[in-house]
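So this one's final.cif, mmCIF, C-alpha atoms and all ligand atoms:
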```cif
data_run
#
loop_
_atom_site.label_atom_id
_atom_site.label_comp_id
_atom_site.auth_asym_id
_atom_site.auth_seq_id
_atom_site.Cartn_x
_atom_site.Cartn_y
_atom_site.Cartn_z
CA MET A 1 111.94 80.53 77.17
CA GLU A 2 109.53 82.56 75.03
CA ILE A 3 106.16 82.49 76.80
CA GLU A 4 103.14 81.50 74.72
CA GLN A 5 99.55 81.93 75.86
CA LYS A 6 97.59 78.65 75.62
CA GLU A 7 93.99 77.69 76.41
CA GLN A 8 91.73 79.60 78.82
CA LEU A 9 91.49 77.66 82.09
CA TYR A 10 89.02 79.80 83.98
CA GLU A 11 86.97 82.96 83.78
CA GLY A 12 86.24 84.66 87.09
CA LYS A 13 84.25 87.77 87.88
CA ALA A 14 87.12 90.17 87.20
CA LYS A 15 89.84 88.11 85.49
CA LYS A 16 90.48 85.38 82.95
CA VAL A 17 93.24 82.84 83.50
CA PHE A 18 95.18 81.15 80.68
CA ALA A 19 97.63 78.26 80.60
CA THR A 20 101.05 78.86 79.04
CA ASN A 21 103.75 76.66 77.50
CA ASP A 22 105.43 76.74 80.95
CA PRO A 23 103.54 74.49 83.43
CA ASP A 24 104.84 76.67 86.30
CA CYS A 25 103.26 79.83 84.88
CA LEU A 26 99.80 81.20 84.06
CA ILE A 27 98.63 84.40 82.42
CA VAL A 28 95.95 86.50 84.13
CA ASP A 29 93.95 88.91 82.00
CA TYR A 30 92.13 91.67 83.92
CA LYS A 31 88.59 92.60 82.77
CA ASP A 32 86.60 95.82 83.27
CA ASP A 33 83.66 93.76 84.62
CA ALA A 34 82.69 94.60 88.18
CA THR A 35 80.44 92.68 90.54
CA ALA A 36 79.41 93.17 94.14
CA PHE A 37 77.41 91.29 96.77
CA ASN A 38 78.62 87.94 95.44
CA GLY A 39 77.76 88.70 91.85
CA VAL A 40 74.24 90.06 92.48
CA LYS A 41 75.20 93.58 91.34
CA ARG A 42 76.94 93.72 87.96
CA GLY A 43 78.48 96.43 85.84
CA GLN A 44 81.56 97.69 84.11
CA ILE A 45 84.20 100.14 85.25
CA ALA A 46 85.96 101.53 82.16
CA GLY A 47 89.71 101.03 82.36
CA LYS A 48 89.54 99.07 85.64
CA GLY A 49 91.38 96.06 84.22
CA VAL A 50 94.37 98.23 83.32
CA VAL A 51 94.43 99.97 86.70
CA ASN A 52 94.13 96.73 88.68
CA ASN A 53 96.78 94.97 86.63
CA LYS A 54 99.34 97.77 86.91
CA MET A 55 98.60 98.60 90.54
CA SER A 56 98.65 95.01 91.69
CA ASN A 57 101.96 94.39 89.93
CA TYR A 58 103.48 97.54 91.37
CA LEU A 59 102.41 96.64 94.92
CA MET A 60 103.59 93.04 94.59
CA GLY A 61 106.97 94.34 93.40
CA LEU A 62 107.11 96.54 96.49
CA LEU A 63 106.29 93.56 98.73
CA GLU A 64 108.91 91.38 97.01
CA LYS A 65 111.54 94.02 97.83
CA GLU A 66 110.52 93.67 101.48
CA GLY A 67 110.91 89.89 101.37
CA VAL A 68 107.30 88.80 100.76
CA GLU A 69 107.17 86.16 98.01
CA THR A 70 104.31 86.77 95.53
CA HIS A 71 103.01 85.09 92.38
CA PHE A 72 104.12 88.07 90.23
CA VAL A 73 106.53 87.19 87.41
CA LYS A 74 106.21 89.75 84.61
CA GLU A 75 103.78 92.32 83.25
CA LEU A 76 103.07 91.30 79.64
CA SER A 77 100.72 94.10 78.57
CA GLU A 78 98.31 96.68 80.01
CA ARG A 79 95.90 93.97 81.16
CA ARG A 80 97.94 90.77 81.15
CA THR A 81 100.49 89.46 83.62
CA LEU A 82 102.55 86.30 83.88
CA VAL A 83 102.17 84.73 87.33
CA LYS A 84 103.35 81.60 89.11
CA ASN A 85 100.92 78.70 88.81
CA VAL A 86 99.82 78.36 92.45
CA LYS A 87 97.13 76.15 94.02
CA ILE A 88 94.94 78.69 95.75
CA VAL A 89 94.32 78.10 99.48
CA PRO A 90 90.51 78.29 99.81
CA ILE A 91 90.67 81.02 102.43
CA GLU A 92 90.17 84.75 101.84
CA VAL A 93 92.10 86.79 104.38
CA ILE A 94 90.90 90.27 105.27
CA MET A 95 93.08 92.72 107.20
CA ARG A 96 91.43 95.75 108.77
CA ASN A 97 92.97 98.95 110.10
CA ILE A 98 89.76 100.98 110.25
CA VAL A 99 86.20 99.76 110.82
CA ALA A 100 84.14 99.69 107.59
CA GLY A 101 81.88 97.48 105.48
CA SER A 102 80.86 94.12 106.86
CA LEU A 103 82.75 94.63 110.13
CA SER A 104 80.68 97.72 110.80
CA LYS A 105 77.47 95.79 109.97
CA ARG A 106 78.46 92.78 112.09
CA THR A 107 79.49 94.70 115.19
CA GLY A 108 77.49 97.92 115.04
CA LEU A 109 80.74 99.87 115.33
CA GLU A 110 80.75 103.07 113.33
CA GLU A 111 82.60 103.26 110.00
CA GLY A 112 85.85 105.07 110.70
CA ALA A 113 86.38 103.70 114.22
CA ILE A 114 90.00 102.65 114.80
CA PRO A 115 90.59 99.20 116.36
CA ALA A 116 93.39 98.95 118.97
CA MET A 117 95.28 96.64 116.60
CA PRO A 118 94.95 95.48 112.97
CA VAL A 119 92.22 92.83 112.74
CA PHE A 120 92.86 89.58 110.84
CA GLU A 121 89.82 87.69 109.51
CA MET A 122 89.34 84.57 107.40
CA TYR A 123 86.51 83.61 105.08
CA TYR A 124 85.94 80.28 103.35
CA LYS A 125 86.32 80.86 99.60
CA SER A 126 83.00 79.62 98.19
CA ASP A 127 80.81 81.62 95.81
CA GLU A 128 77.87 79.24 96.42
CA LEU A 129 78.00 79.93 100.16
CA GLY A 130 78.81 83.64 99.81
CA ASP A 131 82.27 83.33 101.44
CA PRO A 132 81.23 82.66 105.07
CA MET A 133 83.50 83.81 107.88
CA ILE A 134 85.55 81.02 109.48
CA ASN A 135 88.16 80.67 112.20
CA SER A 136 91.43 78.73 112.34
CA ASP A 137 89.73 75.66 113.89
CA HIS A 138 87.47 75.38 110.83
CA ALA A 139 90.47 75.71 108.51
CA LEU A 140 92.35 72.95 110.37
CA ALA A 141 89.37 70.66 111.02
CA PHE A 142 88.25 70.68 107.40
CA GLY A 143 91.74 70.49 105.90
CA TRP A 144 91.74 73.89 104.17
CA ALA A 145 95.21 74.69 105.57
CA THR A 146 97.73 73.18 107.97
CA GLU A 147 98.76 74.74 111.26
CA GLU A 148 102.09 75.77 109.78
CA GLU A 149 100.42 77.31 106.73
CA LEU A 150 97.96 79.22 108.92
CA LYS A 151 100.77 80.64 111.02
CA GLN A 152 102.61 81.71 107.89
CA ILE A 153 99.47 83.26 106.41
CA TYR A 154 98.78 85.15 109.65
CA ASP A 155 102.33 86.47 109.98
CA THR A 156 102.61 87.36 106.28
CA ALA A 157 99.25 89.14 106.26
CA HIS A 158 100.37 91.32 109.19
CA LYS A 159 103.70 92.03 107.50
CA ILE A 160 101.96 92.96 104.22
CA ASN A 161 99.61 95.21 106.15
CA ALA A 162 102.47 97.06 107.84
CA ILE A 163 104.28 97.60 104.51
CA LEU A 164 101.20 98.70 102.57
CA LYS A 165 99.78 100.89 105.33
CA GLU A 166 103.03 102.84 105.47
CA PHE A 167 103.30 103.05 101.68
CA PHE A 168 99.76 104.38 101.25
CA ALA A 169 100.13 106.83 104.16
CA GLY A 170 103.04 108.29 102.19
CA VAL A 171 100.73 109.11 99.27
CA GLY A 172 97.95 110.54 101.44
CA VAL A 173 95.75 107.46 101.55
CA ASP A 174 94.36 105.55 104.54
CA LEU A 175 94.51 101.79 103.92
CA VAL A 176 91.19 100.94 105.59
CA ASP A 177 91.05 97.21 104.86
CA PHE A 178 91.92 94.73 102.13
CA LYS A 179 91.59 91.13 100.99
CA LEU A 180 94.45 88.72 100.34
CA GLU A 181 94.63 85.26 98.82
CA PHE A 182 97.53 82.88 99.18
CA GLY A 183 98.61 79.91 97.09
CA ARG A 184 100.83 76.87 97.39
CA TYR A 185 103.82 76.87 95.06
CA LYS A 186 106.64 74.31 95.16
CA GLY A 187 105.94 73.61 98.84
CA ARG A 188 105.79 77.28 99.84
CA ILE A 189 102.90 79.60 100.68
CA ILE A 190 103.07 82.74 98.53
CA LEU A 191 100.86 85.77 97.96
CA ALA A 192 98.52 85.40 94.95
CA ASP A 193 95.46 87.07 93.36
CA GLU A 194 95.50 90.90 93.25
CA ILE A 195 95.83 94.03 95.38
CA SER A 196 93.73 96.79 93.80
CA PRO A 197 90.85 99.20 94.42
CA ASP A 198 88.59 96.14 93.88
CA THR A 199 90.10 94.38 96.89
CA CYS A 200 91.09 97.27 99.17
CA ARG A 201 89.32 100.19 100.79
CA PHE A 202 91.24 103.42 100.25
CA TRP A 203 90.21 106.72 101.89
CA ASP A 204 91.86 110.05 101.21
CA SER A 205 93.72 110.75 104.46
CA LYS A 206 92.47 114.33 104.73
CA THR A 207 88.96 114.36 103.26
CA LYS A 208 88.16 110.64 103.89
CA GLU A 209 86.78 110.51 100.34
CA LYS A 210 86.40 106.91 99.13
CA LEU A 211 88.85 106.00 96.33
CA ASP A 212 87.88 102.36 95.72
CA LYS A 213 85.17 99.92 94.65
CA ASP A 214 82.82 101.06 97.42
CA ARG A 215 81.86 103.87 94.98
CA PHE A 216 80.49 101.11 92.70
CA ARG A 217 79.03 98.96 95.50
CA ARG A 218 77.19 101.97 96.97
CA ASP A 219 76.24 103.71 93.68
CA MET A 220 78.20 106.82 94.62
CA GLY A 221 79.34 107.77 91.10
CA GLY A 222 82.86 108.86 90.20
CA VAL A 223 84.06 105.25 90.13
CA GLU A 224 86.48 105.56 87.17
CA ASP A 225 87.86 108.83 88.55
CA ALA A 226 88.57 107.19 91.91
CA TYR A 227 90.51 104.34 90.27
CA MET A 228 92.49 106.87 88.17
CA GLU A 229 93.19 109.01 91.25
CA MET A 230 94.68 105.97 93.01
CA MET A 231 96.90 105.34 89.97
CA ARG A 232 98.03 108.96 90.10
CA ARG A 233 98.78 108.80 93.83
CA ILE A 234 100.96 105.76 93.33
CA GLY A 235 102.76 107.48 90.45
CA LEU A 236 101.54 105.06 87.75
CA LYS A 237 100.20 106.01 84.33
P1 LIG B 1 83.90 93.67 103.70
O1 LIG B 1 83.89 94.83 104.65
O2 LIG B 1 82.76 93.66 102.74
O3 LIG B 1 84.05 92.36 104.43
O4 LIG B 1 85.21 93.82 102.79
C1 LIG B 1 86.49 93.93 103.36
C2 LIG B 1 87.53 94.17 102.29
O5 LIG B 1 87.66 93.04 101.44
C3 LIG B 1 87.24 95.34 101.37
O6 LIG B 1 88.45 96.05 101.16
C4 LIG B 1 86.79 94.73 100.08
C5 LIG B 1 87.44 93.38 100.08
N1 LIG B 1 86.60 92.34 99.49
C6 LIG B 1 87.04 91.64 98.38
O7 LIG B 1 88.13 91.89 97.86
N2 LIG B 1 86.23 90.65 97.87
C7 LIG B 1 85.04 90.33 98.41
O8 LIG B 1 84.36 89.44 97.90
C8 LIG B 1 84.60 91.07 99.58
C9 LIG B 1 83.28 90.77 100.21
C10 LIG B 1 85.42 92.05 100.07
#
```

Hey, can you dump this file as structure tokens for me?
Ligand code: TMP
Amino acid sequence: MEIEQKEQLYEGKAKKVFATNDPDCLIVDYKDDATAFNGVKRGQIAGKGVVNNKMSNYLMGLLEKEGVETHFVKELSERRTLVKNVKIVPIEVIMRNIVAGSLSKRTGLEEGAIPAMPVFEMYYKSDELGDPMINSDHALAFGWATEEELKQIYDTAHKINAILKEFFAGVGVDLVDFKLEFGRYKGRIILADEISPDTCRFWDSKTKEKLDKDRFRRDMGGVEDAYMEMMRRIGLK
């Protein structure tokens, strides 16, 4: 079936989502807009939409090869991708291999400290509330996910972490932490949203230079260069 883009369903902070002539598929269109601190800080990162689209698709392809089902269907253009029409689970999962960001703030542990095991966290997906941290009891008690779904999300997040950590180590990058979102699709839980320098912390393995959105969040400069460097490391143009 020839895919046709239909009406815009939603515009988020970094992406637009369109319906298509196939009810099982949506088109995501990546923008250069960047926000931080729940939309309080706003700006643009030139070329970011292209980087995030291509990188996310590449990484989801890699995960698919390792048996992780994702929403990725087909890259349509530099910024647009056909994805499966999932119902997003209202939980943001964060996996952490190295202490940074809000974990450092919450615990007082120094950025760069290495936990004894990867740390799995969940946040309730709500812009109004600023994505508060939750635990599995909250998710079950308030019906955000079932016990079976939570187990699958936990196991899949750890599996994704192991695959991505090894992949990035191979290109000289420490995968510090990252955010995942899952969706329900035809009775299954599959990986959705994006995996990009917006949603991951990447540090150069040797110099520990930041190669991700923290350069924007922290006004460090060199934001576009960092995104391009990550493209180069992965071997994408
Ligand atoms: P944090 O240290 O601020 O909790 O962020 C952990 C990781 O999650 C980091 O790689 C950035 C990513 N992240 C998002 O993708 N979206 C968000 O809204 C936040 C707060 C973090």

task: Please write out the residues within 6 Å of ligand LIG 1 (chain B) as an NGL selection string, counting all atoms listed in the file.
output: :A and (94 or 100-103 or 177-179 or 198-201)

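If you measure from each of A:Arg79, A:Lys74, A:Ser136, A:Asp174 to Ile114 of chain A using all atoms listed in the file, the closest one turns out to be A:Asp174.
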
Kindly provide, as a VMD selection string, the polymer residues lying within 12 Å of (96.8, 79.5, 86.7), counting all atoms listed in the file and using the coordinates exactly as they appear in the file. chain A and resid 5 to 12 15 to 29 71 to 72 81 to 88 183 to 185 192 to 193

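Distance-wise, atom CA of Leu236 of chain A and atom CA of Tyr58 of chain A end up 8.6 Å apart.
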
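Of the listed residues A:Glu92, A:Glu224, A:Glu66, A:Glu149, the one whose atoms come nearest to Gly49 of chain A is A:Glu224, with distances taken using only C-alpha atoms.
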
Taken to one decimal, the atom CA of Leu63 of chain A-atom CA of Ile160 of chain A distance is 7.0 Å

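Nearest to Val89 of chain A of all the residues A:Leu175, A:Ala157, A:Leu62, A:Leu180 is A:Leu180, based on all atoms listed in the file.
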
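Atom to atom, atom CA of Gly172 of chain A and atom CA of Arg218 of chain A stand 22.9 Å apart.
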
| Surrounding residues of Ala139 of chain A excluding itself and chain neighbours under 4 positions, 12 Å, all atoms listed in the file, as a ChimeraX atom specification | /A:89-93,122-125,133-135,143-151,153

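Distances here use all atoms listed in the file; by that measure, the residue among A:Thr207, A:Ser56, A:Ser104, A:Ser126 closest to Leu191 of chain A is A:Ser56.
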
Using the structure just given, write a file holding N, CA, C and O atoms for segment 154-167 of chain A, as a PDB file, in the first residue's frame.
```pdb
ATOM      1  N   TYR A 154      10.555  -3.794  32.311  1.00  0.00           N
ATOM      2  CA  TYR A 154      11.802  -3.871  33.098  1.00  0.00           C
ATOM      3  C   TYR A 154      12.837  -4.733  32.369  1.00  0.00           C
ATOM      4  O   TYR A 154      13.989  -4.319  32.174  1.00  0.00           O
ATOM      5  N   ASP A 155      12.417  -5.922  31.956  1.00  0.00           N
ATOM      6  CA  ASP A 155      13.352  -6.841  31.292  1.00  0.00           C
ATOM      7  C   ASP A 155      13.848  -6.263  29.964  1.00  0.00           C
ATOM      8  O   ASP A 155      15.031  -6.356  29.642  1.00  0.00           O
ATOM      9  N   THR A 156      12.925  -5.666  29.199  1.00  0.00           N
ATOM     10  CA  THR A 156      13.309  -5.111  27.891  1.00  0.00           C
ATOM     11  C   THR A 156      14.246  -3.918  28.061  1.00  0.00           C
ATOM     12  O   THR A 156      15.209  -3.768  27.299  1.00  0.00           O
ATOM     13  N   ALA A 157      13.989  -3.079  29.050  1.00  0.00           N
ATOM     14  CA  ALA A 157      14.846  -1.915  29.282  1.00  0.00           C
ATOM     15  C   ALA A 157      16.273  -2.365  29.611  1.00  0.00           C
ATOM     16  O   ALA A 157      17.253  -1.793  29.119  1.00  0.00           O
ATOM     17  N   HIS A 158      16.396  -3.420  30.432  1.00  0.00           N
ATOM     18  CA  HIS A 158      17.740  -3.933  30.747  1.00  0.00           C
ATOM     19  C   HIS A 158      18.406  -4.524  29.511  1.00  0.00           C
ATOM     20  O   HIS A 158      19.610  -4.339  29.294  1.00  0.00           O
ATOM     21  N   LYS A 159      17.628  -5.228  28.698  1.00  0.00           N
ATOM     22  CA  LYS A 159      18.185  -5.824  27.485  1.00  0.00           C
ATOM     23  C   LYS A 159      18.655  -4.729  26.517  1.00  0.00           C
ATOM     24  O   LYS A 159      19.758  -4.801  25.973  1.00  0.00           O
ATOM     25  N   ILE A 160      17.820  -3.705  26.341  1.00  0.00           N
ATOM     26  CA  ILE A 160      18.181  -2.575  25.471  1.00  0.00           C
ATOM     27  C   ILE A 160      19.457  -1.915  25.991  1.00  0.00           C
ATOM     28  O   ILE A 160      20.374  -1.598  25.227  1.00  0.00           O
ATOM     29  N   ASN A 161      19.525  -1.741  27.298  1.00  0.00           N
ATOM     30  CA  ASN A 161      20.710  -1.113  27.882  1.00  0.00           C
ATOM     31  C   ASN A 161      21.961  -1.921  27.569  1.00  0.00           C
ATOM     32  O   ASN A 161      22.988  -1.362  27.175  1.00  0.00           O
ATOM     33  N   ALA A 162      21.889  -3.233  27.726  1.00  0.00           N
ATOM     34  CA  ALA A 162      23.068  -4.072  27.481  1.00  0.00           C
ATOM     35  C   ALA A 162      23.515  -3.958  26.015  1.00  0.00           C
ATOM     36  O   ALA A 162      24.709  -3.806  25.727  1.00  0.00           O
ATOM     37  N   ILE A 163      22.549  -3.969  25.096  1.00  0.00           N
ATOM     38  CA  ILE A 163      22.867  -3.891  23.655  1.00  0.00           C
ATOM     39  C   ILE A 163      23.475  -2.522  23.327  1.00  0.00           C
ATOM     40  O   ILE A 163      24.517  -2.422  22.673  1.00  0.00           O
ATOM     41  N   LEU A 164      22.825  -1.463  23.790  1.00  0.00           N
ATOM     42  CA  LEU A 164      23.281  -0.114  23.423  1.00  0.00           C
ATOM     43  C   LEU A 164      24.608   0.238  24.096  1.00  0.00           C
ATOM     44  O   LEU A 164      25.465   0.882  23.487  1.00  0.00           O
ATOM     45  N   LYS A 165      24.755  -0.176  25.346  1.00  0.00           N
ATOM     46  CA  LYS A 165      26.005   0.117  26.062  1.00  0.00           C
ATOM     47  C   LYS A 165      27.194  -0.475  25.305  1.00  0.00           C
ATOM     48  O   LYS A 165      28.213   0.177  25.100  1.00  0.00           O
ATOM     49  N   GLU A 166      27.031  -1.713  24.864  1.00  0.00           N
ATOM     50  CA  GLU A 166      28.108  -2.387  24.138  1.00  0.00           C
ATOM     51  C   GLU A 166      28.339  -1.713  22.785  1.00  0.00           C
ATOM     52  O   GLU A 166      29.480  -1.473  22.383  1.00  0.00           O
ATOM     53  N   PHE A 167      27.249  -1.380  22.098  1.00  0.00           N
ATOM     54  CA  PHE A 167      27.386  -0.724  20.793  1.00  0.00           C
ATOM     55  C   PHE A 167      28.142   0.602  20.927  1.00  0.00           C
ATOM     56  O   PHE A 167      29.098   0.865  20.186  1.00  0.00           O
TER      57      PHE A 167
END
```
